[in-house]
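Asks: My structure is below; once you've seen it, I'll send some questions.
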Amino acid sequence: METILKVSNISKTYRAAGRVLTVLEHISFSVETGSTMAIVGPSGSGKTTLLGLCAGLDRCSDGSVQLNGIVLESLDEDERAVMRNRYVGFIFQNFQLLPTLTALENVMVPMELRGPAFAKDSAGKGVREMAKALMGKVGLEDRLHHYPAQLSGGEQQRVSLARAFAGQPRILFADEPTGNLDAETSEKIVQLLFELNREAGTTLIIVTHNLELAAATQRIIRLAGGRIVDDHEKK
Amino acid sequence: MRPWWLFVMAWRDSRRNRGRLFLFISSVVLGIAALVSTLSFGYNLREDVDDQAKELVGADLVLRGRHGIRDSVQAMKAFAGARRSEQKSMASMVFFPRSQSSRLVQLIGLSGDYPYYGTIETKPASAAMEFRRKPEALVDQTLMLEFGVRVGDSIRVGTIDLVIAGALIKMPGRNQVSLTVSAPVYIPLRYIDSAGLERKGSQIESEVYYQFKPGTDMSKLMDTLGPDLDSEHVRYETVEIRKERMTRAFKDLSQFLTLISFIALLLGCIGVASSVNIYIREKIAGVAVLRCLGLKSRGAFLIYLIQVLAIGMVGSLLGAGLGVAVQQVLPMLFKDILPVEAHFRLSWPAIGEGIGIGTAIALLFALPPLLAVRKISPLNTLRLAVEPPAADWDGWKATVYTTVFVFITLFSYAQMEKLGKALVFTLSILGAFLLLAGAAKLLMAAVRRFFPGRWNYLWRQGFANLYRPNNQTLILVVTIGLGTTFIGTLFFIQQLLLDRVNILASTDGNMVLYDVQPTQIAGVRRLASEMKVQLVDDVPVVAVRVASVKGIARDDDGARGRNDTRVTYSDTLRPAEKLVAGKLGPPVHSPRDVIHVSYDDDAAMSSGVQIGDQVVFDVQGVEITTVVGSIRHLERSPLRQGILFPSGVLESAPQFHIVTAMLRSPEASARFQRSVVQQFPGILVVDLALVVNVLQDILGKIGAVIRFMAGFSMLTGLIVLIASVLISKFQRIQESVLLRTLGASRRQVLVITMLEYFFIGALAAVIGIGLSMTFSMVLAKFIFEAVFVPNWWVVGGLFAGVSLLTVLIGLYNVRGVLNRPPLEILRREG
């Protein structure tokens, strides 16, 4: 199988109050296209930092990250933005919807950012139609013109899912996608996430504390003190 | 990404913030309104001058001379066939028998049919022409009201009585203030001679007005006549010259007003910068998400640039609209000050300039915080930063700050037309800004460093709010401080001018008697003693001409009388005089003695003389050689005479005296004035109390205009203050709600807010007042040549007013938190 993400011996250090703080140390792993993976570990183990580095949101201090064959260290911030738009989708714990945009507009944004060449899908649907279809898939066709503040937490995360899949990403990063939701809503969201992922054939990487959620993925990487302490793949 | 998408996003993003965006706009609206109104006023005034120039002069040509116009000049061929009017004006006392009172007026003798263009407005209208044919007079209407006289009453001028034919309402080329100050009384020219007022030493200004035949090409005529008049040293004025002069003067006026407006605009721009800074701070999360989704840094920057540009333009348009409305008020305010009738017209160039300048400068001031958008990292989606990214000092930022500086300098240069002054103006604003910003930072650092950890919670919270994240200390101190500086300076300068006149009146006496002849001195002293009036001082004055300085003869420039001067003599200095250099000359006992004269510093500078220089004076045809022995400094005073001779030289020269008296009440003043005028008709009496009143009136009128314009700055300052506080409300609300949720009482939240805003308001007020006192001191020394003594009532009032206002606005800001349940507020604001 093709490798979509290759992390080679990366480290991340921060300088704070005159001291050097090592958050990640010598991390290496690869992720195959279409697979699902969870990164777990206690608070402060470096999970979110690792996700940020893999998604090209930050630069590692040492080592290298290859996403879809592109070495992220060789890109500047704007080039990384283009790369994220083309290949990466995000789901956040606190949803991160743009509060001034309606639910539909939030879903449209990744497609609009791609420019005119991607304004229509293979069936000739425009950005708005594609977004509406996604909103339908997440069951929010009657909430298209609501602002995030007018939606419940579960609804906001569903919009966030629709937005994540809107750009037809090759890889999806989810940071504690159920962290802000109750158990019942969490279950529905997880179901929806895996369903959409399966349908789209996207690679899914989830950072979570939730071991039940992690267990739903094919592979679990466990972090502690900035190092991989376990890398377990389901047969 | 298509360019239109940026516009769409800018529009979408603005949706939930339009109320706040309106606050940004409001900061610049008034500044632009002021700018558009003053620019329009300037353009319109120029047109008004063009339209009314002929009526302002009243003739095609005016000749002027201090000692009359020589016959040889009037006999020039060019004047053949032209209509001619003559006028002589002088200061004189007029006695009003009805009220048994007298007053120093500008007595004007007029012959001929002047004005040839425009009209003299009188009541009744026929009086304007009729008084010239009879023993009648036109009296300024304010003067008539002041003395309770009516048409048909008589006035006494010198030795003759004339009947008041009408009240003078308006004179071509003269504004209401000039009429009030000079209090003109027009009489037929022939009575100037018969009234016995024209005596040696009298200062009489002569004017001859000409109207040439219709169709005369004035510029062609003046090509030949002008040089002839120049060679005869005759001052002259044509309609064109008046037009140029007035255009220049009005340009100065409108440029001054434009600068005041510009200050209001700058103040508003600081508000914009502050608002955008806070706005962007709130947008960090959204921008980080967009960056995550693939938006380039330039795209994020452009979205907010489009928003700021759009609100800047909306603000400019609103400001321009308001400016057009305000512009209708300006002619009313200037009614008494301007000699032309100011009309309202829409001035598209002014509106265009106002919108252009307003949008450009608002954008420039918004750019520094906007540039920070480029640096917002997508990582903020995972770890939210509270503060905007540290503003790197990159090339863009440096370029923006340089452009702001150049823009302000260029704009002020366009108004002042002197690069040095423009730089001083810009640097002063920059200096004030930096000082205020520095003080605010110092306050924050000091509070943090010396935090009163043992004080009670409310004080600690109030203090901590000054430096914690999202604090408003810097921006509020700068805006309130600049506003206070501007308003304080205006107050202080107005007070300075009034105080100077009041001090004059109290130290040198409150009544001055001019033109007291040596033969009248004893009589005046006797009269004063009989009426129990204290005479304060008596200064002899001799009219002389400077014949040569340092051996170089001074040209006799005839009618111009530039070398004519007045001197006095004494062996001692008066209290208001101080020796700056050299020694006062000893009394002169024999013709062989060297005569050491003393120059005051101003006279020495303008004549270019120094100690040891030889100066020859012509005293009524007798040349007296002197040596400059000392330089002294004089305070302004009615008794001030620049050149002081020692005794023993001028005692027998033709002279008059200036006598000052101290009167205890207005009634005593009126009685003494009446007696002096009746017994000694030639003596001019100036009641300084009256001068103070007139000056107060004029300053009041000019002050009203300046206050009106400064009002824009004050209001802008207020709006910026309200906007800054309201915008910070969105950040502070959660915190106050949290405090309320944790059980903070209404009083506790109020006290915390009150303390925070009091510290900010008080600091801004103290620095603003300090700066305004510094500026007033500099202006007093270099412009008004006076010593600035601050009025502590004004200082106290300003401090209390500014601090209180800041606290009130702060309290208004939290009222919502105090009056509603915490959850309701969180839902509403969330």
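The way I read the labels, and the way they are meant: chains A, B, ... in the order of the structure tokens, residue 1 as the first residue of every chain, and ligand 1 as the first ligand shown, with later ones counted on from there.
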Check every residue of chain B for an atom within 7 Å of chain A, counting only C-alpha atoms, and provide those that qualify as a list in words.
Replies: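 In the required form, that comes to Met1, Arg2, Arg12, Asp13, Arg15, Arg16, Gly286, Val289, Arg291, Cys292, Leu293, Gly294, Leu295, Lys296, Ser297, Pro378 and Leu379 of chain B.
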Asks: Run DSSP on the backbone and grab whatever in region 39-229 of chain A lands in strand (DSSP E or B); send it over as number ranges by chain.
Replies: A: 39-40, 62-67, 70-71, 88-91, 120, 126, 171-175, 203-207, 219-224, 227-229
Asks: Next, write the just-selected residues to a file, as a PDB file, in the first residue's frame, keeping C-alpha atoms as the atom set.
Replies:
ATOM      1  CA  ILE A  39      -2.622   8.754  18.841  1.00  0.00           C
ATOM      2  CA  VAL A  40      -3.258   8.367  22.547  1.00  0.00           C
ATOM      3  CA  ASP A  62      14.597  18.056  13.955  1.00  0.00           C
ATOM      4  CA  GLY A  63      13.733  15.235  11.537  1.00  0.00           C
ATOM      5  CA  SER A  64      11.257  15.411   8.682  1.00  0.00           C
ATOM      6  CA  VAL A  65       7.611  14.878   7.794  1.00  0.00           C
ATOM      7  CA  GLN A  66       6.491  13.743   4.341  1.00  0.00           C
ATOM      8  CA  LEU A  67       2.837  14.162   3.534  1.00  0.00           C
ATOM      9  CA  ILE A  70       5.902  16.230  -0.050  1.00  0.00           C
ATOM     10  CA  VAL A  71       8.618  17.071   2.480  1.00  0.00           C
ATOM     11  CA  VAL A  88      -5.666  17.798   4.538  1.00  0.00           C
ATOM     12  CA  GLY A  89      -8.895  18.031   6.486  1.00  0.00           C
ATOM     13  CA  PHE A  90      -9.295  18.982  10.145  1.00  0.00           C
ATOM     14  CA  ILE A  91     -11.699  18.306  12.965  1.00  0.00           C
ATOM     15  CA  LYS A 120     -17.352  22.148  -9.784  1.00  0.00           C
ATOM     16  CA  GLY A 126     -21.085  23.939  -7.909  1.00  0.00           C
ATOM     17  CA  ILE A 171      -5.854  12.697   5.044  1.00  0.00           C
ATOM     18  CA  LEU A 172      -8.001  13.853   7.924  1.00  0.00           C
ATOM     19  CA  PHE A 173      -6.663  14.945  11.311  1.00  0.00           C
ATOM     20  CA  ALA A 174      -9.099  14.974  14.231  1.00  0.00           C
ATOM     21  CA  ASP A 175      -8.045  16.511  17.529  1.00  0.00           C
ATOM     22  CA  THR A 203      -6.799   8.399   5.805  1.00  0.00           C
ATOM     23  CA  LEU A 204      -7.876   9.259   9.345  1.00  0.00           C
ATOM     24  CA  ILE A 205      -5.623  10.195  12.234  1.00  0.00           C
ATOM     25  CA  ILE A 206      -7.314  10.866  15.554  1.00  0.00           C
ATOM     26  CA  VAL A 207      -5.742  12.348  18.656  1.00  0.00           C
ATOM     27  CA  ARG A 219      -3.731   1.310  14.657  1.00  0.00           C
ATOM     28  CA  ILE A 220      -2.948   2.980  17.986  1.00  0.00           C
ATOM     29  CA  ILE A 221       0.230   4.861  18.775  1.00  0.00           C
ATOM     30  CA  ARG A 222       0.729   5.553  22.465  1.00  0.00           C
ATOM     31  CA  LEU A 223       2.834   8.536  23.516  1.00  0.00           C
ATOM     32  CA  ALA A 224       4.379   9.269  26.912  1.00  0.00           C
ATOM     33  CA  ARG A 227       8.209   9.431  22.913  1.00  0.00           C
ATOM     34  CA  ILE A 228       6.319   6.550  21.312  1.00  0.00           C
ATOM     35  CA  VAL A 229       5.930   3.895  23.960  1.00  0.00           C
TER      36      VAL A 229
END
Asks: For Leu584 (chain B), work out the shell of residues within 7 Å, counting only C-alpha atoms and skipping chain neighbours fewer than 2 positions away, then give it as a ChimeraX atom specification.
Replies: /B:582,586,598,629-630
Asks: Considering only helix (DSSP H, G or I) as DSSP defines it on the backbone, what residues of region 68-172 of chain A qualify? List them as a tab-separated table (two decimals) with C-alpha atoms, in the first residue's frame.
Replies:
chain	number	residue	atom	x	y	z
A	72	LEU	CA	6.90	19.67	4.67
A	73	GLU	CA	10.17	21.23	5.93
A	74	SER	CA	10.93	22.38	2.40
A	77	GLU	CA	4.06	28.86	5.44
A	78	ASP	CA	2.03	29.82	2.35
A	79	GLU	CA	3.08	26.70	0.45
A	80	ARG	CA	2.05	24.63	3.45
A	81	ALA	CA	-1.33	26.42	3.43
A	82	VAL	CA	-1.84	25.36	-0.20
A	83	MET	CA	-0.80	21.82	0.68
A	84	ARG	CA	-3.28	21.69	3.58
A	85	ASN	CA	-6.05	22.97	1.35
A	86	ARG	CA	-5.38	20.29	-1.26
A	87	TYR	CA	-4.74	17.24	0.87
A	103	ALA	CA	-23.16	26.58	8.61
A	104	LEU	CA	-23.35	26.23	4.82
A	105	GLU	CA	-20.74	28.94	4.25
A	106	ASN	CA	-18.40	27.25	6.73
A	107	VAL	CA	-18.60	24.08	4.63
A	108	MET	CA	-18.09	26.04	1.39
A	109	VAL	CA	-14.88	27.75	2.52
A	110	PRO	CA	-12.33	24.93	1.82
A	111	MET	CA	-13.76	24.51	-1.69
A	112	GLU	CA	-13.88	28.24	-2.34
A	113	LEU	CA	-10.28	28.54	-1.27
A	116	PRO	CA	-12.03	28.33	-9.97
A	117	ALA	CA	-10.41	25.08	-11.14
A	118	PHE	CA	-12.16	23.20	-8.34
A	127	VAL	CA	-19.51	24.67	-4.54
A	128	ARG	CA	-22.84	25.57	-2.95
A	129	GLU	CA	-24.52	22.39	-4.17
A	130	MET	CA	-21.62	20.23	-3.02
A	131	ALA	CA	-21.72	21.88	0.40
A	132	LYS	CA	-25.48	21.40	0.62
A	133	ALA	CA	-25.07	17.74	-0.24
A	134	LEU	CA	-22.50	17.35	2.54
A	135	MET	CA	-24.79	19.11	4.97
A	136	GLY	CA	-27.45	16.62	3.95
A	137	LYS	CA	-25.07	13.74	4.64
A	141	GLU	CA	-30.06	20.16	5.61
A	142	ASP	CA	-32.50	22.22	7.68
A	143	ARG	CA	-29.71	24.15	9.42
A	148	PRO	CA	-22.57	28.43	14.78
A	149	ALA	CA	-23.86	30.19	17.90
A	150	GLN	CA	-27.37	29.04	16.94
A	153	GLY	CA	-22.38	21.35	20.22
A	154	GLY	CA	-23.23	18.15	18.34
A	155	GLU	CA	-24.59	20.11	15.38
A	156	GLN	CA	-21.50	22.28	15.30
A	157	GLN	CA	-19.28	19.20	15.21
A	158	ARG	CA	-21.38	17.78	12.37
A	159	VAL	CA	-20.85	20.98	10.39
A	160	SER	CA	-17.18	20.63	11.21
A	161	LEU	CA	-17.25	17.08	9.77
A	162	ALA	CA	-18.95	18.29	6.61
A	163	ARG	CA	-16.32	21.01	6.29
A	164	ALA	CA	-13.50	18.51	6.85
A	165	PHE	CA	-14.71	16.31	4.00
A	166	ALA	CA	-15.67	19.23	1.74
Asks: Mind giving me the straight-line distance from CA of Ala16 (chain A) to CA of Ile376 (chain B) in Å, one decimal?
Replies: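 Between CA of Ala16 (chain A) and CA of Ile376 (chain B) the gap works out to 19.6 Å.
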Asks: Excluding Val404 (chain B) and residues on its chain fewer than 5 positions from it, collect all residues at most 10 Å away from it, counting only C-alpha atoms, and give them as an NGL selection string.
Replies: :B and (360-361 or 363-365 or 367 or 398-399 or 409-410)
Asks: Just C-alpha atoms for this one: save the residues we selected as an mmCIF file, in the first residue's frame.
Replies:
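Saved to again_15.cif:
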data_model
loop_
_atom_site.group_PDB
_atom_site.id
_atom_site.type_symbol
_atom_site.label_atom_id
_atom_site.label_comp_id
_atom_site.auth_asym_id
_atom_site.auth_seq_id
_atom_site.Cartn_x
_atom_site.Cartn_y
_atom_site.Cartn_z
ATOM 1 C CA ALA B 360 -6.101 57.225 3.278
ATOM 2 C CA ILE B 361 -5.152 58.232 6.791
ATOM 3 C CA LEU B 363 -6.207 53.081 6.385
ATOM 4 C CA LEU B 364 -2.636 54.077 7.231
ATOM 5 C CA PHE B 365 -3.387 54.069 10.950
ATOM 6 C CA LEU B 367 -2.335 49.078 8.845
ATOM 7 C CA ALA B 398 8.646 50.303 8.934
ATOM 8 C CA THR B 399 7.239 51.434 5.581
ATOM 9 C CA THR B 409 4.208 66.157 7.454
ATOM 10 C CA LEU B 410 3.094 66.664 3.852
#
Asks: Any idea what's packed within 9 Å of Leu225 (chain B), counting only C-alpha atoms, ignoring anything in its chain fewer than 5 positions away? Could you give it as an MDAnalysis selection string?
Replies: chainID B and resid 76 78 220 230
Asks: Could you name the residues that touch region 606-612 of chain B at 10 Å or less, counting only C-alpha atoms, but leaving out those on the same chain fewer than 6 positions away, as JSON, numbers by chain?
Replies: {"B": [546, 549, 550, 563, 581, 582, 583, 596, 597, 598, 599, 626, 627, 628, 629, 630, 631]}
